[in-house]
Amino acid sequence: MKRSTAVTANPAVKLKKPNSFLSRWNAPIAGYLFISPWLIGFLGLTAYPLLLSLYYSFTDYTLMEPISWVGTRNYEQILTADPKFLQSVKVTFMYVIASVPLKLAAALLVAILLNKAVKGISLYRTAIYFPSLIGGSIAVSLLWRNLFGVDGIFNKIIAVFGIEGKGWITNPDTALGTLVLLTVWQFGSSMVIFLAGLKQIPSDLYEASSVDGANRFIQFFKITLPMLSPILYFNLIMGVINAFQMFTSAFVITNGGPMNSTYVYALYLYERAFSRYQLGYSSSLAWIMLIMIVLATVIIAGTSKYWVFYETDTGGKKRK
Amino acid sequence: MTKQWKLAIRHIFLLGFSFLMVYPVLWWIGASLKQNHELSSPNIFPAVPQWSNFVKGWNSVPGHSFTDFYLNTFGLEIAVLIATLISSTLVAFGFGRLDFPLKNFWFALLMLTLMMPGQVLIIPQYALFHQLGWVNTYLPFIVPHLLASGAGGTFFVFLLIQFVRGIPKELDESAKIDGCSWFGIFWRVVMPLTKPAIVTVMIFCFLWNWDDFLGHLLYINSVDKYTVGLGLRMINDSQSAQEWGQLLAMSLLSIVPATLVFMFLQKYFVDGIATTGIKG
């Protein structure tokens with residue numbers, strides 16, 4: 001690598017095939033050429049808009065009228081005199097705290113069950129993955145609205161057990177739970193990632209520990225969980241970031257209602273920005289969201305050294 | 001004896017659990033053929049299948065049919081897939097294979113954007129595309145993907161970088177000795193070996209864009225350009241309480257393409273995740 005760079009950097013030395021594309025350029029120029037699509041995109045579609053939104057957040061901006069600087073007024077209003085902000089933060093936190101751990105637990109348990117080779121495993125895997133495949137689309141939201149309506153079949157099914165149903169989506173106490181259930185139902189992607197991780201745990205660890213008399217329970221906590229912890233960590237962070245941004249199902253199924261019980265943060269942000277065209281105010285909301293997500297990520301990362309186990313010193317001699 | 005029991009219990013549990021997972025979907029399929037008054041029944045099968053739900057639903061938007069919405073969506077998907085394919089492979093090769101000044105700095109920024117919530121960018125990007133006159137065109141979807149920065153675009157680059165790093169570098173060296181240019185190494189050596197990861201990226205790209213409801217909602221206003229998701233929302237808003245069977249029939253059809261893609265490519269998909277996602 002080094003040698004060829006030195007040779008090609010010298011314009012006096014021509015390589016054998018002067019006509020072949022890029023051959024006369026050295027690695028730095030070629031490198032920048034190759035990454036240029038992303039670099040342009042990053043500068044133009046990420047970095048610049050990010051700064052722009054920071055600027056907007058200190059302005060009154062409506063798309064139609066000229067921008068006027070208002071200093072920290074948006075932030076002050078959000079943090080001191082905006083009941084909808086408080087409500088949406090509350091709902092979002094409840095959603096994150098309920099949906100992320102439940103989803104991860106379901107994904108991990110089912111991954112462990114599916115990790116053992118049993119007959120028809122691919123059929124089970126497909127069935128369990130299917131709800132995730134159809135995603136957070138509007139179609140699924142419409143289905144969910146039907147299942148959990150007053151006349152929905154969920155009520156018909158629990159009636160068999162003598163439980164009287166209600167309008168799960170129209171009741172402020174249960175509406176958010178219904179959306180959480182939809183999220184948890186789609187645990188397939190996390191499950192596939194756990195499954196891939198489980199396959200990489202060397203089986204001699206289990207063999208050795210069962211010789212030492214460890215039961216399944218101990219093996220789970222002393223081997224499986226520590227070995228999977230980097231993946232758990234990855235899934236947890238991604239799950240939290242995604243959950244903070246939940247939008248489609250709250251928008252389609254409940255539209256924030258009833259009584260704002262599913263009024264998630266992204267919905268509030270959307271409403272301010274694209275129903276009322278208060279782009280300045282909603283940019284402030286977006287920055288507060290960014291800060292909340294960064295804080296959540298930092299807190300999780302800070303705790304990670306206590307529970308994420310990296311297999312650094314055994315690498316390379318995993319299998320003897 | 002105990003071993004067989006354990007196996008049986010495992011199967012019973014898996015069967016029951018699988019059924020619980022797919023039951024809503026089975027009910028959905030049945031419901032798409034039902035009359036309205038049957039929709040509150042947990043029974044999967046309709047009394048008399050109403051095939052007309054599909055026909056009526058397909059044509060329920062005045063002046064348009066779902067044929068238009070599907071053609072729009074497929075056209076958009078193909079453009080986005082091609083844009084993603086070009087940009088993400090080039091960028092991944094650059095990061096995964098070449099050394100250049102500030103590479104680690106740029107890579108750190110790439111990782112950071114991976115974590116960034118889309119909401120922070122939605123408003124300024126909307127304002128930007130609005131100023132460029134791109135609202136109500138497909139450009140707000142295609143251009144970001146061509147620049148590896150669209151929804152999920154950075155993630156695809158990351159996946160491919162991880163994969164490209166795993167391909168032995170000795171191959172490059174020998175290709176270079178044979179007079180191969182950087183582009184030649186990219187095109188003839190690394191790309192063919194990256195195929196499984198590329199297929200994974202393509203599947204994700206297809207699925208995510210098919211599902212990108214918010215993006216479509218923001219940028220597409222005229223019914224001529226509507227995608228399937230927007231068409232669904234339109235019939236949902238216009239006739240919500242009356243024709244549930246039609247609505248469920250159309251929403252069921254809307255997940256067929258994604259399902260087919262997954263079914264035919266699922267081998268690549270699972271392998272791809274296993275080999276790219278978490279090796280880093």
# chains A, B, ... in the order shown; residues from 1 in each chain; ligands from 1

$ residues_around --residues "Met191 of chain A" --least-positions-apart "5" --cutoff "9 Å" --atoms "only C-alpha atoms" --output "NGL selection string"
:A and (104 or 106-111 or 129 or 196)

$ residues_around --residues "segment 37-50 of chain A" --least-positions-apart "5" --cutoff "9 Å" --atoms "only C-alpha atoms" --output "VMD selection string"
(chain A and resid 32 55) or (chain B and resid 87 to 88 90 to 91 106 109 to 110 113 120 to 125 128 143 to 150 154 157)

$ select_by_dssp --residues "segment 46-158 of chain A" --states "strand (DSSP E or B)" --output "ChimeraX atom specification"
/A:59-60,68-69

$ closest_residue --among "A:Met259, A:Leu179, A:Met64, A:Ile78" --to "chain B" --atoms "only C-alpha atoms"
A:Met64

$ closest_residue --among "B:Asp224, B:Asp99, B:Asp237, B:Glu243" --to "chain A" --atoms "only C-alpha atoms"
B:Asp99

$ atom_distance --atom1 "atom CA of Phe309 of chain A" --atom2 "atom CA of Leu225 of chain A"
9.1 Å

$ atom_distance --atom1 "atom CA of Tyr281 of chain A" --atom2 "atom CA of Asn74 of chain A"
5.6 Å

$ residues_around --residues "Val80 of chain B" --least-positions-apart "3" --cutoff "8 Å" --atoms "only C-alpha atoms" --output "list of chain:residue names"
B:Leu76, B:Glu77, B:Ala83, B:Thr84, B:Phe141, B:Ile142, B:His145, B:Leu146

$ write_last_selection --atoms "N, CA, C and O atoms" --output "PDB file, in the first residue's frame"
ATOM      1  N   LEU B  76     -40.798   4.916  -7.999  1.00  0.00           N
ATOM      2  CA  LEU B  76     -40.010   5.564  -6.956  1.00  0.00           C
ATOM      3  C   LEU B  76     -39.030   4.571  -6.326  1.00  0.00           C
ATOM      4  O   LEU B  76     -37.854   4.880  -6.123  1.00  0.00           O
ATOM      5  N   GLU B  77     -39.515   3.372  -6.041  1.00  0.00           N
ATOM      6  CA  GLU B  77     -38.663   2.358  -5.421  1.00  0.00           C
ATOM      7  C   GLU B  77     -37.467   2.031  -6.311  1.00  0.00           C
ATOM      8  O   GLU B  77     -36.344   1.913  -5.828  1.00  0.00           O
ATOM      9  N   ALA B  83     -30.217   4.474  -7.003  1.00  0.00           N
ATOM     10  CA  ALA B  83     -29.426   5.544  -6.380  1.00  0.00           C
ATOM     11  C   ALA B  83     -28.649   4.996  -5.180  1.00  0.00           C
ATOM     12  O   ALA B  83     -27.460   5.273  -5.019  1.00  0.00           O
ATOM     13  N   THR B  84     -29.325   4.203  -4.363  1.00  0.00           N
ATOM     14  CA  THR B  84     -28.673   3.640  -3.187  1.00  0.00           C
ATOM     15  C   THR B  84     -27.538   2.707  -3.577  1.00  0.00           C
ATOM     16  O   THR B  84     -26.446   2.747  -3.000  1.00  0.00           O
ATOM     17  N   PHE B 141     -36.691  12.210  -2.360  1.00  0.00           N
ATOM     18  CA  PHE B 141     -36.374  10.826  -2.002  1.00  0.00           C
ATOM     19  C   PHE B 141     -35.141  10.331  -2.749  1.00  0.00           C
ATOM     20  O   PHE B 141     -34.292   9.652  -2.202  1.00  0.00           O
ATOM     21  N   ILE B 142     -35.059  10.697  -4.045  1.00  0.00           N
ATOM     22  CA  ILE B 142     -34.001  10.130  -4.887  1.00  0.00           C
ATOM     23  C   ILE B 142     -32.650  10.778  -4.599  1.00  0.00           C
ATOM     24  O   ILE B 142     -31.643  10.096  -4.420  1.00  0.00           O
ATOM     25  N   HIS B 145     -30.775   9.685  -1.487  1.00  0.00           N
ATOM     26  CA  HIS B 145     -30.241   8.331  -1.633  1.00  0.00           C
ATOM     27  C   HIS B 145     -29.030   8.303  -2.558  1.00  0.00           C
ATOM     28  O   HIS B 145     -28.105   7.531  -2.349  1.00  0.00           O
ATOM     29  N   LEU B 146     -29.046   9.153  -3.572  1.00  0.00           N
ATOM     30  CA  LEU B 146     -27.898   9.232  -4.470  1.00  0.00           C
ATOM     31  C   LEU B 146     -26.677   9.759  -3.723  1.00  0.00           C
ATOM     32  O   LEU B 146     -25.539   9.506  -4.107  1.00  0.00           O
TER      33      LEU B 146
END

$ residues_around --residues "Pro42 of chain B" --least-positions-apart "3" --cutoff "12 Å" --atoms "only C-alpha atoms" --output "PDB file with N, CA and C atoms, in the first residue's frame"
ATOM      1  N   ASN A 146     -58.695  -1.929  13.858  1.00  0.00           N
ATOM      2  CA  ASN A 146     -59.826  -2.841  13.786  1.00  0.00           C
ATOM      3  C   ASN A 146     -59.821  -3.846  14.922  1.00  0.00           C
ATOM      4  N   LEU A 147     -58.637  -4.392  15.213  1.00  0.00           N
ATOM      5  CA  LEU A 147     -58.546  -5.463  16.208  1.00  0.00           C
ATOM      6  C   LEU A 147     -58.937  -4.960  17.586  1.00  0.00           C
ATOM      7  N   PHE A 148     -58.589  -3.717  17.901  1.00  0.00           N
ATOM      8  CA  PHE A 148     -58.771  -3.236  19.264  1.00  0.00           C
ATOM      9  C   PHE A 148     -59.877  -2.195  19.410  1.00  0.00           C
ATOM     10  N   ASP A 151     -65.855  -2.878  18.813  1.00  0.00           N
ATOM     11  CA  ASP A 151     -66.394  -4.098  18.216  1.00  0.00           C
ATOM     12  C   ASP A 151     -65.277  -5.010  17.732  1.00  0.00           C
ATOM     13  N   GLY A 152     -64.058  -4.683  18.119  1.00  0.00           N
ATOM     14  CA  GLY A 152     -62.917  -5.442  17.610  1.00  0.00           C
ATOM     15  C   GLY A 152     -62.904  -6.861  18.149  1.00  0.00           C
ATOM     16  N   ILE A 153     -62.150  -7.708  17.466  1.00  0.00           N
ATOM     17  CA  ILE A 153     -62.173  -9.114  17.843  1.00  0.00           C
ATOM     18  C   ILE A 153     -61.435  -9.368  19.154  1.00  0.00           C
ATOM     19  N   PHE A 154     -60.559  -8.464  19.557  1.00  0.00           N
ATOM     20  CA  PHE A 154     -59.870  -8.668  20.829  1.00  0.00           C
ATOM     21  C   PHE A 154     -60.889  -8.757  21.974  1.00  0.00           C
ATOM     22  N   ASN A 155     -61.873  -7.879  21.916  1.00  0.00           N
ATOM     23  CA  ASN A 155     -62.918  -7.917  22.938  1.00  0.00           C
ATOM     24  C   ASN A 155     -63.720  -9.207  22.869  1.00  0.00           C
ATOM     25  N   LYS A 156     -63.977  -9.685  21.658  1.00  0.00           N
ATOM     26  CA  LYS A 156     -64.731 -10.931  21.487  1.00  0.00           C
ATOM     27  C   LYS A 156     -63.959 -12.096  22.091  1.00  0.00           C
ATOM     28  N   ILE A 157     -62.639 -12.063  21.919  1.00  0.00           N
ATOM     29  CA  ILE A 157     -61.829 -13.176  22.421  1.00  0.00           C
ATOM     30  C   ILE A 157     -61.767 -13.159  23.944  1.00  0.00           C
ATOM     31  N   ILE A 158     -61.557 -11.972  24.541  1.00  0.00           N
ATOM     32  CA  ILE A 158     -61.463 -11.970  26.007  1.00  0.00           C
ATOM     33  C   ILE A 158     -62.827 -12.195  26.641  1.00  0.00           C
ATOM     34  N   ALA A 159     -63.888 -11.953  25.877  1.00  0.00           N
ATOM     35  CA  ALA A 159     -65.228 -12.217  26.409  1.00  0.00           C
ATOM     36  C   ALA A 159     -65.398 -13.705  26.716  1.00  0.00           C
ATOM     37  N   VAL A 160     -64.697 -14.534  25.942  1.00  0.00           N
ATOM     38  CA  VAL A 160     -64.740 -15.974  26.179  1.00  0.00           C
ATOM     39  C   VAL A 160     -64.263 -16.288  27.604  1.00  0.00           C
TER      40      VAL A 160
ATOM     41  N   TYR B  23     -51.889 -14.892  13.950  1.00  0.00           N
ATOM     42  CA  TYR B  23     -53.345 -14.840  13.959  1.00  0.00           C
ATOM     43  C   TYR B  23     -53.907 -13.506  13.443  1.00  0.00           C
ATOM     44  N   PRO B  24     -53.371 -12.351  13.907  1.00  0.00           N
ATOM     45  CA  PRO B  24     -53.903 -11.089  13.384  1.00  0.00           C
ATOM     46  C   PRO B  24     -53.813 -11.002  11.867  1.00  0.00           C
ATOM     47  N   VAL B  25     -52.727 -11.567  11.320  1.00  0.00           N
ATOM     48  CA  VAL B  25     -52.564 -11.496   9.865  1.00  0.00           C
ATOM     49  C   VAL B  25     -53.568 -12.413   9.169  1.00  0.00           C
ATOM     50  N   LEU B  26     -53.774 -13.611   9.742  1.00  0.00           N
ATOM     51  CA  LEU B  26     -54.758 -14.529   9.154  1.00  0.00           C
ATOM     52  C   LEU B  26     -56.149 -13.909   9.204  1.00  0.00           C
ATOM     53  N   TRP B  27     -56.451 -13.297  10.353  1.00  0.00           N
ATOM     54  CA  TRP B  27     -57.749 -12.650  10.491  1.00  0.00           C
ATOM     55  C   TRP B  27     -57.910 -11.554   9.448  1.00  0.00           C
ATOM     56  N   TRP B  28     -56.817 -10.834   9.229  1.00  0.00           N
ATOM     57  CA  TRP B  28     -56.785  -9.742   8.271  1.00  0.00           C
ATOM     58  C   TRP B  28     -57.138 -10.256   6.869  1.00  0.00           C
ATOM     59  N   GLY B  30     -58.788 -12.951   6.110  1.00  0.00           N
ATOM     60  CA  GLY B  30     -60.209 -13.288   6.089  1.00  0.00           C
ATOM     61  C   GLY B  30     -61.078 -12.038   6.045  1.00  0.00           C
ATOM     62  N   ALA B  31     -60.688 -11.049   6.845  1.00  0.00           N
ATOM     63  CA  ALA B  31     -61.506  -9.837   6.965  1.00  0.00           C
ATOM     64  C   ALA B  31     -61.597  -9.085   5.652  1.00  0.00           C
ATOM     65  N   LYS B  34     -64.680 -10.033   3.999  1.00  0.00           N
ATOM     66  CA  LYS B  34     -65.909 -10.043   4.785  1.00  0.00           C
ATOM     67  C   LYS B  34     -66.809  -8.852   4.473  1.00  0.00           C
ATOM     68  N   GLU B  38     -69.635  -8.633   9.672  1.00  0.00           N
ATOM     69  CA  GLU B  38     -68.894  -9.810  10.137  1.00  0.00           C
ATOM     70  C   GLU B  38     -67.570  -9.426  10.788  1.00  0.00           C
ATOM     71  N   LEU B  39     -67.196  -8.163  10.683  1.00  0.00           N
ATOM     72  CA  LEU B  39     -65.831  -7.797  11.055  1.00  0.00           C
ATOM     73  C   LEU B  39     -65.564  -7.887  12.546  1.00  0.00           C
ATOM     74  N   PHE B  45     -62.629 -17.102   8.812  1.00  0.00           N
ATOM     75  CA  PHE B  45     -63.240 -17.289   7.506  1.00  0.00           C
ATOM     76  C   PHE B  45     -64.506 -16.465   7.327  1.00  0.00           C
ATOM     77  N   PRO B  46     -64.656 -15.830   6.183  1.00  0.00           N
ATOM     78  CA  PRO B  46     -65.870 -15.058   5.897  1.00  0.00           C
ATOM     79  C   PRO B  46     -67.030 -15.992   5.573  1.00  0.00           C
TER      80      PRO B  46
END

$ closest_atom_pairs --of "segment 50-159 of chain B" --to "segment 212-222 of chain B" --cutoff "7 Å" --atoms "only C-alpha atoms" --output "tab-separated table"
residue	atom	partner	partner_atom	distance
B:Val135	CA	B:Tyr219	CA	5.2
B:Asn136	CA	B:Ile220	CA	4.4
B:Thr137	CA	B:Ile220	CA	6.6

$ residues_around --residues "Ala286 of chain A" --least-positions-apart "2" --cutoff "9 Å" --atoms "only C-alpha atoms" --output "VMD selection string"
(chain A and resid 53 57 266 269 281 to 284 288 to 291) or (chain B and resid 117 119 to 121 123)

$ write_last_selection --atoms "all heavy atoms" --output "short mmCIF file (atom, residue, chain, number, x, y, z; two decimals), in the first residue's frame"
data_model
loop_
_atom_site.label_atom_id
_atom_site.label_comp_id
_atom_site.auth_asym_id
_atom_site.auth_seq_id
_atom_site.Cartn_x
_atom_site.Cartn_y
_atom_site.Cartn_z
N SER A 53 -31.35 24.23 11.24
CA SER A 53 -32.44 24.00 12.19
C SER A 53 -32.10 24.62 13.55
O SER A 53 -33.00 25.11 14.24
CB SER A 53 -32.75 22.52 12.30
OG SER A 53 -32.19 21.96 13.44
N SER A 57 -34.39 27.48 15.23
CA SER A 57 -34.97 27.30 16.55
C SER A 57 -34.93 28.58 17.37
O SER A 57 -35.60 28.69 18.38
CB SER A 57 -34.24 26.16 17.29
OG SER A 57 -32.99 26.60 17.74
N ALA A 266 -43.11 13.06 18.54
CA ALA A 266 -42.95 13.27 17.10
C ALA A 266 -44.24 13.79 16.48
O ALA A 266 -44.23 14.55 15.51
CB ALA A 266 -42.53 11.97 16.42
N LEU A 269 -44.43 17.49 17.25
CA LEU A 269 -43.48 18.19 16.38
C LEU A 269 -44.04 18.31 14.96
O LEU A 269 -43.99 19.37 14.34
CB LEU A 269 -42.18 17.37 16.37
CG LEU A 269 -40.89 18.05 15.97
CD1 LEU A 269 -39.74 17.37 16.69
CD2 LEU A 269 -40.67 17.96 14.49
N TYR A 281 -40.61 27.22 15.88
CA TYR A 281 -40.99 26.60 17.16
C TYR A 281 -40.71 25.10 17.13
O TYR A 281 -40.16 24.53 18.07
CB TYR A 281 -42.47 26.87 17.42
CG TYR A 281 -42.90 26.64 18.85
CD1 TYR A 281 -42.73 27.63 19.80
CD2 TYR A 281 -43.49 25.44 19.23
CE1 TYR A 281 -43.13 27.44 21.11
CE2 TYR A 281 -43.90 25.24 20.54
CZ TYR A 281 -43.72 26.24 21.47
OH TYR A 281 -44.12 26.04 22.77
N SER A 282 -41.08 24.45 16.01
CA SER A 282 -40.88 23.01 15.97
C SER A 282 -39.41 22.65 15.84
O SER A 282 -39.00 21.57 16.25
CB SER A 282 -41.70 22.39 14.84
OG SER A 282 -41.41 23.01 13.64
N SER A 283 -38.59 23.57 15.30
CA SER A 283 -37.15 23.30 15.31
C SER A 283 -36.62 23.28 16.73
O SER A 283 -35.75 22.46 17.07
CB SER A 283 -36.40 24.35 14.50
OG SER A 283 -36.73 24.24 13.14
N SER A 284 -37.13 24.19 17.56
CA SER A 284 -36.73 24.15 18.98
C SER A 284 -37.15 22.83 19.60
O SER A 284 -36.39 22.21 20.35
CB SER A 284 -37.38 25.30 19.75
OG SER A 284 -37.27 26.50 19.05
N ILE A 288 -34.69 19.99 21.33
CA ILE A 288 -34.90 19.43 22.68
C ILE A 288 -34.98 17.90 22.60
O ILE A 288 -34.43 17.19 23.43
CB ILE A 288 -36.16 20.04 23.30
CG1 ILE A 288 -35.90 21.52 23.60
CG2 ILE A 288 -36.54 19.31 24.58
CD1 ILE A 288 -37.11 22.28 24.09
N MET A 289 -35.61 17.41 21.53
CA MET A 289 -35.67 15.97 21.34
C MET A 289 -34.28 15.38 21.15
O MET A 289 -33.93 14.35 21.74
CB MET A 289 -36.52 15.66 20.11
CG MET A 289 -36.66 14.18 19.85
SD MET A 289 -37.46 13.96 18.26
CE MET A 289 -38.29 12.43 18.53
N LEU A 290 -33.48 16.06 20.34
CA LEU A 290 -32.11 15.59 20.12
C LEU A 290 -31.35 15.51 21.44
O LEU A 290 -30.67 14.52 21.73
CB LEU A 290 -31.39 16.52 19.14
CG LEU A 290 -29.94 16.16 18.81
CD1 LEU A 290 -29.88 14.84 18.07
CD2 LEU A 290 -29.28 17.24 17.97
N ILE A 291 -31.51 16.55 22.27
CA ILE A 291 -30.81 16.56 23.56
C ILE A 291 -31.31 15.41 24.44
O ILE A 291 -30.51 14.72 25.09
CB ILE A 291 -31.01 17.93 24.25
CG1 ILE A 291 -30.27 19.01 23.45
CG2 ILE A 291 -30.49 17.90 25.69
CD1 ILE A 291 -30.64 20.42 23.83
N PRO B 117 -31.57 11.38 15.29
CA PRO B 117 -33.00 11.22 15.00
C PRO B 117 -33.40 12.04 13.79
O PRO B 117 -32.98 13.18 13.64
CB PRO B 117 -33.67 11.75 16.27
CG PRO B 117 -32.67 12.65 16.90
CD PRO B 117 -31.33 12.10 16.55
N GLN B 119 -36.02 13.48 13.08
CA GLN B 119 -36.85 14.66 13.33
C GLN B 119 -36.07 15.97 13.27
O GLN B 119 -36.62 16.99 12.90
CB GLN B 119 -37.53 14.55 14.70
CG GLN B 119 -38.94 14.02 14.64
CD GLN B 119 -38.99 12.53 14.45
OE1 GLN B 119 -37.98 11.86 14.55
NE2 GLN B 119 -40.16 11.99 14.18
N VAL B 120 -34.80 15.91 13.67
CA VAL B 120 -34.02 17.15 13.69
C VAL B 120 -33.79 17.65 12.27
O VAL B 120 -33.65 18.85 12.03
CB VAL B 120 -32.67 16.93 14.39
CG1 VAL B 120 -31.97 18.24 14.64
CG2 VAL B 120 -32.88 16.22 15.70
N LEU B 121 -33.75 16.72 11.32
CA LEU B 121 -33.46 17.11 9.95
C LEU B 121 -34.70 17.36 9.11
O LEU B 121 -34.64 18.01 8.08
CB LEU B 121 -32.61 16.03 9.28
CG LEU B 121 -31.21 15.86 9.87
CD1 LEU B 121 -30.47 14.72 9.21
CD2 LEU B 121 -30.41 17.15 9.72
N ILE B 123 -37.35 19.26 9.38
CA ILE B 123 -37.79 20.64 9.14
C ILE B 123 -36.83 21.40 8.23
O ILE B 123 -37.27 21.94 7.21
CB ILE B 123 -38.04 21.36 10.48
CG1 ILE B 123 -39.22 20.69 11.19
CG2 ILE B 123 -38.30 22.83 10.27
CD1 ILE B 123 -39.22 20.87 12.67
#

$ closest_residue --among "A:Leu133, A:Ser36, A:Ala81, A:Ile201" --to "Leu260 of chain B" --atoms "only C-alpha atoms"
A:Leu133

$ closest_residue --among "A:Ser88, A:Ser132, A:Thr72, A:Ser304" --to "chain B" --atoms "only C-alpha atoms"
A:Ser132

$ closest_residue --among "B:Leu98, B:Met191, B:Ile78, B:Ile203" --to "chain A" --atoms "only C-alpha atoms"
B:Leu98
